[in-house]
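Next comes start.txt, a file with compact mmCIF, C-alpha atoms.
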```
# COMPACT_ATOMS: atom_id res chain seq x y z
CA MET I 1 -7.20 -10.70 23.29
CA LEU I 2 -6.50 -7.08 24.19
CA ILE I 3 -9.88 -6.06 25.61
CA ASP I 4 -10.70 -2.90 27.55
CA THR I 5 -13.50 -2.22 30.03
CA TYR I 6 -15.66 -0.78 27.24
CA GLY I 7 -15.57 -4.01 25.25
CA ARG I 8 -13.22 -2.78 22.52
CA ALA I 9 -10.64 -5.23 21.16
CA ALA I 10 -7.27 -3.87 20.04
CA THR I 11 -6.41 -5.78 16.86
CA ASP I 12 -4.34 -3.03 15.17
CA LEU I 13 -0.79 -2.56 16.51
CA ARG I 14 1.23 0.56 15.68
CA VAL I 15 4.95 -0.01 16.23
CA SER I 16 7.26 3.01 16.31
CA LEU I 17 10.74 2.01 15.13
CA THR I 18 12.51 5.30 15.85
CA ASP I 19 11.78 8.80 17.08
CA ARG I 20 14.21 10.30 14.55
CA CYS I 21 13.08 12.07 11.41
CA ASN I 22 14.77 13.72 8.43
CA LEU I 23 12.09 16.42 8.10
CA ARG I 24 11.15 19.21 10.52
CA CYS I 25 7.45 19.67 9.84
CA THR I 26 6.15 22.79 11.54
CA TYR I 27 3.16 20.96 13.07
CA CYS I 28 5.41 18.27 14.56
CA MET I 29 8.77 19.55 15.80
CA PRO I 30 10.94 22.66 16.03
CA GLU I 31 13.46 23.54 13.34
CA GLU I 32 16.41 22.44 15.49
CA GLY I 33 14.84 19.02 16.05
CA LEU I 34 14.46 17.24 19.37
CA GLN I 35 16.63 15.30 21.79
CA TRP I 36 16.52 11.78 20.35
CA LEU I 37 16.21 8.63 22.39
CA ALA I 38 19.52 7.04 23.33
CA LYS I 39 20.28 3.80 21.47
CA PRO I 40 20.22 1.60 24.61
CA ASP I 41 16.68 2.83 25.30
CA LEU I 42 15.40 1.69 21.91
CA LEU I 43 13.97 -1.77 21.42
CA THR I 44 16.32 -3.98 19.43
CA ASP I 45 15.22 -5.67 16.21
CA ASP I 46 14.88 -8.99 18.07
CA GLU I 47 12.80 -7.36 20.82
CA ILE I 48 10.45 -5.75 18.30
CA VAL I 49 9.91 -9.02 16.46
CA ARG I 50 9.33 -10.89 19.72
CA LEU I 51 6.71 -8.39 20.88
CA VAL I 52 4.97 -8.44 17.50
CA ARG I 53 4.96 -12.24 17.64
CA ILE I 54 3.35 -12.20 21.09
CA ALA I 55 0.78 -9.66 19.92
CA VAL I 56 -0.11 -11.72 16.85
CA THR I 57 -0.04 -15.24 18.30
CA ALA I 58 -1.36 -14.60 21.81
CA LEU I 59 -3.27 -11.31 21.82
CA GLY I 60 -5.37 -11.30 18.66
CA VAL I 61 -3.52 -8.58 16.71
CA THR I 62 -4.16 -8.92 12.97
CA GLU I 63 -2.66 -5.70 11.60
CA VAL I 64 0.77 -4.21 12.27
CA ARG I 65 1.83 -0.77 11.08
CA PHE I 66 5.42 0.40 11.39
CA THR I 67 5.79 4.10 12.15
CA GLY I 68 8.30 6.60 13.49
CA GLY I 69 9.61 9.28 13.57
CA GLU I 70 10.61 8.13 10.12
CA PRO I 71 10.74 4.31 9.99
CA LEU I 72 12.89 4.24 6.84
CA LEU I 73 15.72 5.52 9.06
CA ARG I 74 15.69 2.21 10.98
CA PRO I 75 18.66 0.18 9.61
CA GLY I 76 16.99 -3.19 10.23
CA LEU I 77 13.60 -2.29 8.76
CA VAL I 78 13.57 -4.77 5.84
CA SER I 79 14.61 -7.64 8.11
CA ILE I 80 11.98 -6.71 10.71
CA VAL I 81 9.30 -6.72 8.02
CA GLU I 82 10.48 -10.06 6.65
CA ARG I 83 10.49 -11.71 10.07
CA CYS I 84 7.05 -10.36 10.95
CA ALA I 85 5.65 -11.47 7.59
CA ALA I 86 6.77 -15.03 8.42
CA LEU I 87 4.60 -15.16 11.57
CA LEU I 88 1.60 -17.48 11.72
CA PRO I 89 -1.08 -16.30 11.59
CA ARG I 90 0.40 -13.72 9.21
CA PRO I 91 -0.54 -10.14 10.12
CA ARG I 92 -1.25 -7.49 7.50
CA LEU I 93 1.81 -5.24 7.41
CA SER I 94 1.94 -1.57 6.49
CA LEU I 95 4.26 1.40 6.87
CA THR I 96 3.69 5.10 7.51
CA THR I 97 6.51 7.19 6.05
CA ASN I 98 7.39 10.63 4.75
CA GLY I 99 8.49 8.91 1.54
CA ILE I 100 12.09 10.11 1.57
CA GLY I 101 14.17 7.02 0.82
CA LEU I 102 11.18 5.02 -0.36
CA GLU I 103 12.38 5.08 -3.97
CA ARG I 104 15.38 2.92 -3.09
CA THR I 105 13.61 0.65 -0.56
CA ALA I 106 10.10 0.07 -1.92
CA HIS I 107 10.91 -3.09 -3.89
CA ALA I 108 12.94 -4.60 -1.04
CA LEU I 109 10.12 -3.92 1.40
CA ALA I 110 7.56 -5.47 -0.93
CA ALA I 111 9.76 -8.54 -1.38
CA ALA I 112 10.11 -8.80 2.41
CA GLY I 113 6.33 -8.95 2.80
CA LEU I 114 5.14 -5.39 3.34
CA ASP I 115 1.58 -5.05 2.06
CA ARG I 116 1.15 -1.30 1.63
CA VAL I 117 2.31 2.19 2.60
CA ASN I 118 0.93 5.50 3.79
CA VAL I 119 3.02 8.45 2.63
CA SER I 120 2.75 11.95 4.08
CA LEU I 121 2.55 14.75 1.50
CA ASP I 122 0.86 18.02 2.40
CA THR I 123 1.39 20.06 -0.75
CA LEU I 124 2.06 19.87 -4.48
CA ARG I 125 4.14 23.06 -4.40
CA PRO I 126 7.87 22.61 -3.71
CA ASP I 127 8.17 26.05 -2.11
CA VAL I 128 5.34 25.33 0.32
CA PHE I 129 6.85 21.90 1.04
CA HIS I 130 10.09 23.64 1.99
CA THR I 131 8.23 26.05 4.27
CA LEU I 132 6.27 23.24 5.94
CA THR I 133 9.10 20.72 6.34
CA ARG I 134 12.16 23.02 6.32
CA ARG I 135 13.76 20.67 3.80
CA LYS I 136 13.99 20.69 -0.02
CA ARG I 137 12.93 17.07 -0.55
CA HIS I 138 9.63 17.41 -2.39
CA GLN I 139 10.72 15.50 -5.50
CA ASP I 140 12.11 12.70 -3.33
CA VAL I 141 8.63 12.15 -1.88
CA LEU I 142 7.04 12.10 -5.33
CA ASP I 143 9.65 9.59 -6.51
CA GLY I 144 9.04 7.46 -3.42
CA LEU I 145 5.31 7.39 -4.09
CA ALA I 146 5.84 6.28 -7.68
CA ALA I 147 8.25 3.56 -6.53
CA ALA I 148 5.74 2.26 -3.97
CA ARG I 149 3.06 2.03 -6.65
CA ALA I 150 5.44 0.25 -9.03
CA ALA I 151 6.42 -2.21 -6.28
CA GLY I 152 2.78 -3.14 -5.68
CA LEU I 153 2.51 -1.61 -2.21
CA THR I 154 -1.10 -0.77 -2.90
CA PRO I 155 -3.36 0.91 -2.24
CA VAL I 156 -0.80 3.68 -1.85
CA LYS I 157 -2.37 6.11 0.59
CA VAL I 158 -1.31 9.75 0.82
CA ASN I 159 -1.83 11.61 4.11
CA ALA I 160 -2.19 15.40 3.98
CA VAL I 161 -2.54 17.97 6.76
CA LEU I 162 -3.85 21.41 5.77
CA MET I 163 -2.48 24.46 7.57
CA PRO I 164 -3.96 27.98 7.53
CA GLY I 165 -2.00 30.42 5.39
CA LEU I 166 0.18 27.70 3.85
CA ASN I 167 -1.67 24.97 1.97
CA ALA I 168 -5.29 25.44 3.07
CA ASP I 169 -6.33 26.12 -0.53
CA GLU I 170 -4.80 22.95 -1.98
CA ALA I 171 -7.45 20.35 -1.13
CA PRO I 172 -9.02 20.17 -4.65
CA ASP I 173 -5.62 20.19 -6.37
CA LEU I 174 -4.32 17.42 -4.11
CA LEU I 175 -7.37 15.28 -4.80
CA ALA I 176 -7.18 15.77 -8.58
CA TRP I 177 -3.49 14.81 -8.49
CA ALA I 178 -4.13 11.75 -6.30
CA VAL I 179 -6.96 10.49 -8.52
CA GLY I 180 -4.78 10.99 -11.61
CA ASN I 181 -1.96 8.95 -10.08
CA ASP I 182 -4.12 6.20 -8.56
CA TYR I 183 -3.31 7.17 -4.98
CA GLU I 184 -5.90 7.21 -2.20
CA LEU I 185 -5.83 10.62 -0.52
CA ARG I 186 -6.69 11.10 3.15
CA PHE I 187 -6.83 14.49 4.81
CA ILE I 188 -6.01 14.56 8.52
CA GLU I 189 -7.09 17.32 10.86
CA GLN I 190 -4.11 18.89 12.59
CA MET I 191 -3.84 17.31 16.03
CA PRO I 192 -2.42 18.61 19.32
CA LEU I 193 0.76 16.55 19.09
CA ASP I 194 3.37 19.17 18.21
CA ALA I 195 6.50 19.42 20.35
CA GLN I 196 6.04 23.18 20.68
CA HIS I 197 2.49 22.80 22.09
CA GLY I 198 1.38 25.58 19.74
CA TRP I 199 -1.79 23.85 18.50
CA LYS I 200 -4.98 25.85 18.84
CA ARG I 201 -8.43 24.50 18.09
CA ASP I 202 -9.67 27.79 16.64
CA GLY I 203 -6.79 27.89 14.16
CA MET I 204 -7.16 24.47 12.58
CA ILE I 205 -8.66 23.48 9.23
CA THR I 206 -11.60 21.21 10.11
CA ALA I 207 -13.15 18.28 8.27
CA GLU I 208 -16.07 20.49 7.30
CA ASP I 209 -13.67 23.05 5.84
CA ILE I 210 -11.94 20.34 3.82
CA LEU I 211 -15.15 18.82 2.49
CA ALA I 212 -16.56 22.22 1.54
CA SER I 213 -13.39 22.96 -0.42
CA LEU I 214 -13.44 19.60 -2.21
CA ARG I 215 -17.10 20.01 -3.19
CA THR I 216 -16.26 23.14 -5.17
CA ARG I 217 -14.76 20.80 -7.79
CA PHE I 218 -15.92 17.24 -7.07
CA ARG I 219 -19.11 15.34 -6.31
CA LEU I 220 -18.63 13.38 -3.08
CA THR I 221 -20.83 10.43 -2.16
CA PRO I 222 -20.48 8.82 1.32
CA GLU I 223 -19.10 5.31 1.05
CA GLY I 224 -20.72 2.55 3.08
CA GLY I 225 -23.41 4.60 4.81
CA ASP I 226 -22.93 6.28 8.16
CA GLU I 227 -21.06 3.47 9.93
CA ARG I 228 -17.29 3.41 9.46
CA GLY I 229 -16.56 0.90 12.25
CA SER I 230 -13.03 1.19 13.63
CA ALA I 231 -11.59 2.86 10.52
CA PRO I 232 -10.25 6.32 11.41
CA ALA I 233 -11.14 7.77 8.00
CA GLU I 234 -14.61 8.64 6.80
CA ARG I 235 -14.54 7.97 3.06
CA TRP I 236 -16.32 9.36 0.03
CA LEU I 237 -16.51 8.21 -3.58
CA VAL I 238 -15.19 10.90 -5.91
CA ASP I 239 -17.52 11.71 -8.83
CA GLY I 240 -19.22 8.34 -8.43
CA GLY I 241 -16.04 6.30 -7.97
CA PRO I 242 -14.05 4.17 -8.08
CA ALA I 243 -11.65 6.81 -6.70
CA ARG I 244 -12.10 7.59 -3.02
CA VAL I 245 -11.02 10.28 -0.59
CA GLY I 246 -10.91 10.03 3.19
CA VAL I 247 -10.97 12.52 6.05
CA ILE I 248 -9.61 11.66 9.49
CA ALA I 249 -11.30 14.10 11.86
CA SER I 250 -9.75 13.10 15.17
CA VAL I 251 -10.61 16.48 16.69
CA THR I 252 -14.08 17.35 15.38
CA ARG I 253 -15.45 13.83 14.67
CA PRO I 254 -13.68 11.47 17.07
CA PHE I 255 -14.03 7.73 16.59
CA CYS I 256 -12.97 6.57 20.07
CA ALA I 257 -16.01 4.36 20.65
CA ALA I 258 -14.81 1.92 17.99
CA CYS I 259 -11.04 2.32 18.43
CA ASP I 260 -9.12 -0.92 17.82
CA ARG I 261 -5.55 0.36 18.18
CA THR I 262 -2.72 -0.28 20.59
CA ARG I 263 0.67 1.44 20.32
CA LEU I 264 4.24 0.48 21.10
CA THR I 265 6.79 3.28 21.23
CA ALA I 266 10.36 2.92 20.01
CA ASP I 267 11.51 2.63 23.64
CA GLY I 268 9.00 -0.08 24.46
CA GLN I 269 6.14 1.75 26.14
CA ILE I 270 2.53 0.69 25.62
CA ARG I 271 0.16 3.54 24.80
CA THR I 272 -3.55 2.77 24.67
CA CYS I 273 -4.40 6.08 22.99
CA LEU I 274 -2.55 8.50 20.73
CA PHE I 275 -3.42 11.29 23.18
CA ALA I 276 -2.73 9.37 26.41
CA ARG I 277 -0.59 10.94 29.10
CA GLU I 278 0.11 7.55 30.69
CA GLU I 279 2.29 4.71 29.42
CA SER I 280 3.06 1.17 30.55
CA ASP I 281 6.68 0.00 30.52
CA LEU I 282 6.67 -3.18 28.46
CA ARG I 283 10.41 -2.87 27.80
CA GLY I 284 11.12 -3.24 31.50
CA VAL I 285 9.09 -6.46 31.68
CA LEU I 286 10.73 -7.76 28.51
CA ARG I 287 14.27 -7.06 29.69
CA SER I 288 13.63 -8.52 33.13
CA GLY I 289 13.63 -11.94 31.47
CA ALA I 290 9.88 -12.45 31.63
CA PRO I 291 8.42 -15.31 29.57
CA ASP I 292 5.99 -14.63 26.73
CA GLU I 293 2.86 -15.28 28.81
CA GLU I 294 3.91 -12.80 31.49
CA ILE I 295 4.54 -10.18 28.80
CA ALA I 296 1.14 -10.92 27.27
CA ASP I 297 -0.58 -10.61 30.66
CA PHE I 298 1.10 -7.25 31.30
CA TRP I 299 -0.10 -6.01 27.90
CA ARG I 300 -3.64 -7.22 28.65
CA ARG I 301 -3.71 -5.38 31.98
CA ALA I 302 -2.45 -2.18 30.36
CA THR I 303 -5.19 -2.40 27.72
CA TRP I 304 -7.92 -3.09 30.28
CA GLY I 305 -7.44 0.42 31.69
CA LYS I 306 -7.91 2.20 28.36
CA LYS I 307 -10.05 5.33 28.73
CA ALA I 308 -13.37 5.82 26.96
CA GLY I 309 -12.06 8.61 24.74
CA SER I 310 -9.20 10.92 23.89
CA GLY I 311 -10.54 13.80 25.97
CA LEU I 312 -10.09 16.26 23.12
CA ASP I 313 -13.56 17.65 23.76
CA ASP I 314 -12.78 18.34 27.42
CA PRO I 315 -11.91 22.00 28.18
CA ALA I 316 -9.28 20.67 30.58
CA PHE I 317 -7.54 18.60 27.87
CA LEU I 318 -3.76 18.56 28.10
CA GLN I 319 -1.48 17.50 25.27
CA PRO I 320 0.60 14.33 25.72
CA ARG I 321 4.06 14.95 27.06
CA ARG I 322 5.56 13.29 24.00
CA PRO I 323 5.16 14.78 20.52
CA MET I 324 3.94 12.73 17.57
CA SER I 325 7.47 11.85 16.43
CA ALA I 326 8.15 10.11 19.76
CA ILE I 327 4.75 8.38 19.94
CA GLY I 328 4.29 6.91 16.47
CA GLY I 329 1.27 7.41 14.24
```

Could the structure of this file be written out as structure tokens, please?
Amino acid sequence: MLIDTYGRAATDLRVSLTDRCNLRCTYCMPEEGLQWLAKPDLLTDDEIVRLVRIAVTALGVTEVRFTGGEPLLRPGLVSIVERCAALLPRPRLSLTTNGIGLERTAHALAAAGLDRVNVSLDTLRPDVFHTLTRRKRHQDVLDGLAAARAAGLTPVKVNAVLMPGLNADEAPDLLAWAVGNDYELRFIEQMPLDAQHGWKRDGMITAEDILASLRTRFRLTPEGGDERGSAPAERWLVDGGPARVGVIASVTRPFCAACDRTRLTADGQIRTCLFAREESDLRGVLRSGAPDEEIADFWRRATWGKKAGSGLDDPAFLQPRRPMSAIGG
């Protein structure tokens, strides 16, 4: 298995399929976009499936999430999902997306074997969506969410980031809308992963801010006691349930001690932490002609050196060189 020196086992693999995106969210990248990876640098469909197979059959991975950039921009996405769903043992397969294009692909992805989706939506107001993403695609996201629900990609989870002066007041409205549409809402603290390196701790909306806002309209009851295990979201029952809401407080309530994730970038680099400044070149090993066991051993060694935590609470913390779009969620 993928074990580190602190005894944590990485069973959850995040696979970035592309660094490209069709939105320009202010907390992620500049309006003009970024310099995308060259096609020869990207893992091919066959390489992705081979690495997922090694992870699942030799390294103990049980969950695979496809991310980006925007993974729906990957031409071979449906085929990749279908081939990974055919692996034995079969991993649980999910997708993190901005929802644009999901309306036309949700049923094909479900038929291919995708189990569920996480869709990013930070606001219910089209004008605020335009300000945040610099694109007028709000209705496309809503349509994509409805299509995912209709295709059975459930639970459909909605990820929202609150930004001061833009959508900070929308937490109760977002939750009421999510409950009414049978979506599971998760608020995520803004993280220092923007390409502009403009994140400031004293300017972010914290988990406590979010919960205080939600409690002005809803009764929240902690779900499952104080222990959340390796799950990134702390969850609450809404007005007694069954609806739930989650908060991922990577900055103010880190969950590093129970982290079970390993990451593979679109260009084949292993990242042991979302905030790591070091990577291990798995693509180079793969393309050197190495057999599966040598690839697995390289991955094990990379995982063994995983640090105890993200370092976000260290005054000397430095953001990763890559922004979120180039890392994968």

| message | Just want the 12 Å neighbourhood of Leu282 of chain I, counted on only C-alpha atoms, with same-chain residues fewer than 4 positions away dropped. Output as a ChimeraX atom specification. | response | /I:42-43,47-48,50-51,263-271,286-290,292,294-303

Given all atoms listed in the file, how would the per-residue table for segment 120-232 of chain I near segment 244-260 of chain I read, listing every residue at most 10 Å away with its closest atom pair and distance in Å to one decimal, sorted by chain and number, as JSON lines?
```
{"residue": "I:Lys157", "atom": "CA", "partner": "I:Val245", "partner_atom": "CA", "distance": 9.7}
{"residue": "I:Val158", "atom": "CA", "partner": "I:Val245", "partner_atom": "CA", "distance": 9.8}
{"residue": "I:Asn159", "atom": "CA", "partner": "I:Gly246", "partner_atom": "CA", "distance": 9.3}
{"residue": "I:Ala160", "atom": "CA", "partner": "I:Val247", "partner_atom": "CA", "distance": 9.5}
{"residue": "I:Val161", "atom": "CA", "partner": "I:Ile248", "partner_atom": "CA", "distance": 9.9}
{"residue": "I:Leu175", "atom": "CA", "partner": "I:Val245", "partner_atom": "CA", "distance": 7.5}
{"residue": "I:Ala178", "atom": "CA", "partner": "I:Val245", "partner_atom": "CA", "distance": 9.1}
{"residue": "I:Val179", "atom": "CA", "partner": "I:Arg244", "partner_atom": "CA", "distance": 8.1}
{"residue": "I:Asp182", "atom": "CA", "partner": "I:Arg244", "partner_atom": "CA", "distance": 9.8}
{"residue": "I:Tyr183", "atom": "CA", "partner": "I:Arg244", "partner_atom": "CA", "distance": 9.0}
{"residue": "I:Glu184", "atom": "CA", "partner": "I:Val245", "partner_atom": "CA", "distance": 6.2}
{"residue": "I:Leu185", "atom": "CA", "partner": "I:Val245", "partner_atom": "CA", "distance": 5.2}
{"residue": "I:Arg186", "atom": "CA", "partner": "I:Gly246", "partner_atom": "CA", "distance": 4.4}
{"residue": "I:Phe187", "atom": "CA", "partner": "I:Val247", "partner_atom": "CA", "distance": 4.7}
{"residue": "I:Ile188", "atom": "CA", "partner": "I:Ile248", "partner_atom": "CA", "distance": 4.7}
{"residue": "I:Glu189", "atom": "CA", "partner": "I:Ala249", "partner_atom": "CA", "distance": 5.4}
{"residue": "I:Gln190", "atom": "CA", "partner": "I:Val251", "partner_atom": "CA", "distance": 8.1}
{"residue": "I:Met191", "atom": "CA", "partner": "I:Val251", "partner_atom": "CA", "distance": 6.9}
{"residue": "I:Pro192", "atom": "CA", "partner": "I:Val251", "partner_atom": "CA", "distance": 8.9}
{"residue": "I:Arg201", "atom": "CA", "partner": "I:Val251", "partner_atom": "CA", "distance": 8.4}
{"residue": "I:Met204", "atom": "CA", "partner": "I:Val251", "partner_atom": "CA", "distance": 9.6}
{"residue": "I:Thr206", "atom": "CA", "partner": "I:Thr252", "partner_atom": "CA", "distance": 7.0}
{"residue": "I:Ala207", "atom": "CA", "partner": "I:Ala249", "partner_atom": "CA", "distance": 5.8}
{"residue": "I:Glu208", "atom": "CA", "partner": "I:Thr252", "partner_atom": "CA", "distance": 8.9}
{"residue": "I:Ile210", "atom": "CA", "partner": "I:Val247", "partner_atom": "CA", "distance": 8.2}
{"residue": "I:Leu211", "atom": "CA", "partner": "I:Val247", "partner_atom": "CA", "distance": 8.4}
{"residue": "I:Leu214", "atom": "CA", "partner": "I:Val245", "partner_atom": "CA", "distance": 9.8}
{"residue": "I:Leu220", "atom": "CA", "partner": "I:Val245", "partner_atom": "CA", "distance": 8.6}
{"residue": "I:Thr221", "atom": "CA", "partner": "I:Arg244", "partner_atom": "CA", "distance": 9.2}
{"residue": "I:Pro222", "atom": "CA", "partner": "I:Arg244", "partner_atom": "CA", "distance": 9.5}
{"residue": "I:Glu223", "atom": "CA", "partner": "I:Arg244", "partner_atom": "CA", "distance": 8.4}
{"residue": "I:Arg228", "atom": "CA", "partner": "I:Phe255", "partner_atom": "CA", "distance": 9.0}
{"residue": "I:Gly229", "atom": "CA", "partner": "I:Ala258", "partner_atom": "CA", "distance": 6.1}
{"residue": "I:Ser230", "atom": "CA", "partner": "I:Ala258", "partner_atom": "CA", "distance": 4.8}
{"residue": "I:Ala231", "atom": "CA", "partner": "I:Cys259", "partner_atom": "CA", "distance": 7.9}
{"residue": "I:Pro232", "atom": "CA", "partner": "I:Ile248", "partner_atom": "CA", "distance": 5.7}
```

| task | Quick one: pull the distance between atom CA of Val81 of chain I and atom CA of Val15 of chain I, Å, one decimal. | result | 11.5 Å

| task | Tell me, as a list in words, which residues lie within 10 Å of Asp209 of chain I, counting all atoms listed in the file; anything in the same chain fewer than 6 positions away does not count. | result |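 Answer for this query is Leu162, Ala168 and Ala171 of chain I.
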
| Length of the atom CA of Glu70 of chain I to atom CA of Thr18 of chain I vector [Å] |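 A separation of 6.7 Å between them.
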
| Out of I:Leu77, I:Leu132, I:Leu59, I:Leu87, which residue has the shortest atom-to-atom distance to Arg24 of chain I when counting only C-alpha atoms? |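 The shortest atom-to-atom distance to Arg24 of chain I comes from I:Leu132.
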
| Distance in Å - atom CA of Arg92 of chain I versus atom CA of Glu63 of chain I |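 One can read the atom CA of Arg92 of chain I to atom CA of Glu63 of chain I distance as 4.7 Å.
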
| query | Any idea what's packed within 9 Å of Arg53 of chain I, counting only C-alpha atoms, ignoring anything in its chain fewer than 4 positions away? Could you give it as a ChimeraX atom specification? | reply | /I:48-49,57-58,84,87-88

| task | May I have the protein, DNA and RNA residues with any atom at most 12 Å from the point (11.8, -0.4, -1.3), counting all atoms listed in the file, written as number ranges by chain? | result | I: 72, 77-78, 81, 95, 97, 99-117, 143-153

| request: Using all atoms listed in the file, find the one residue out of I:Pro91, I:Arg322, I:Asp281, I:Arg219 that sits nearest to Asp41 of chain I. | output: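 Distance minimum relative to Asp41 of chain I lands on I:Asp281.
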
| message | Under the rule that only C-alpha atoms are counted, which of I:Asn167, I:Thr133, I:Ser79, I:Ser213 is the nearest residue to Pro30 of chain I? | response |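 Under the stated criterion, the closest residue is I:Thr133.
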
| task | Determine the nearest neighbour of Arg125 of chain I from the options I:Leu237, I:Ile80, I:Val64, I:Leu174, counting only C-alpha atoms. | result |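 Going through I:Leu237, I:Ile80, I:Val64, I:Leu174 one by one, the smallest distance to Arg125 of chain I is for I:Leu174.
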
| field | Of the listed residues I:Pro291, I:Pro155, I:Gly305, I:Gly165, that which approaches Asn118 of chain I most closely, counting only C-alpha atoms | value |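 Counting only C-alpha atoms, the residue closest to Asn118 of chain I is I:Pro155.
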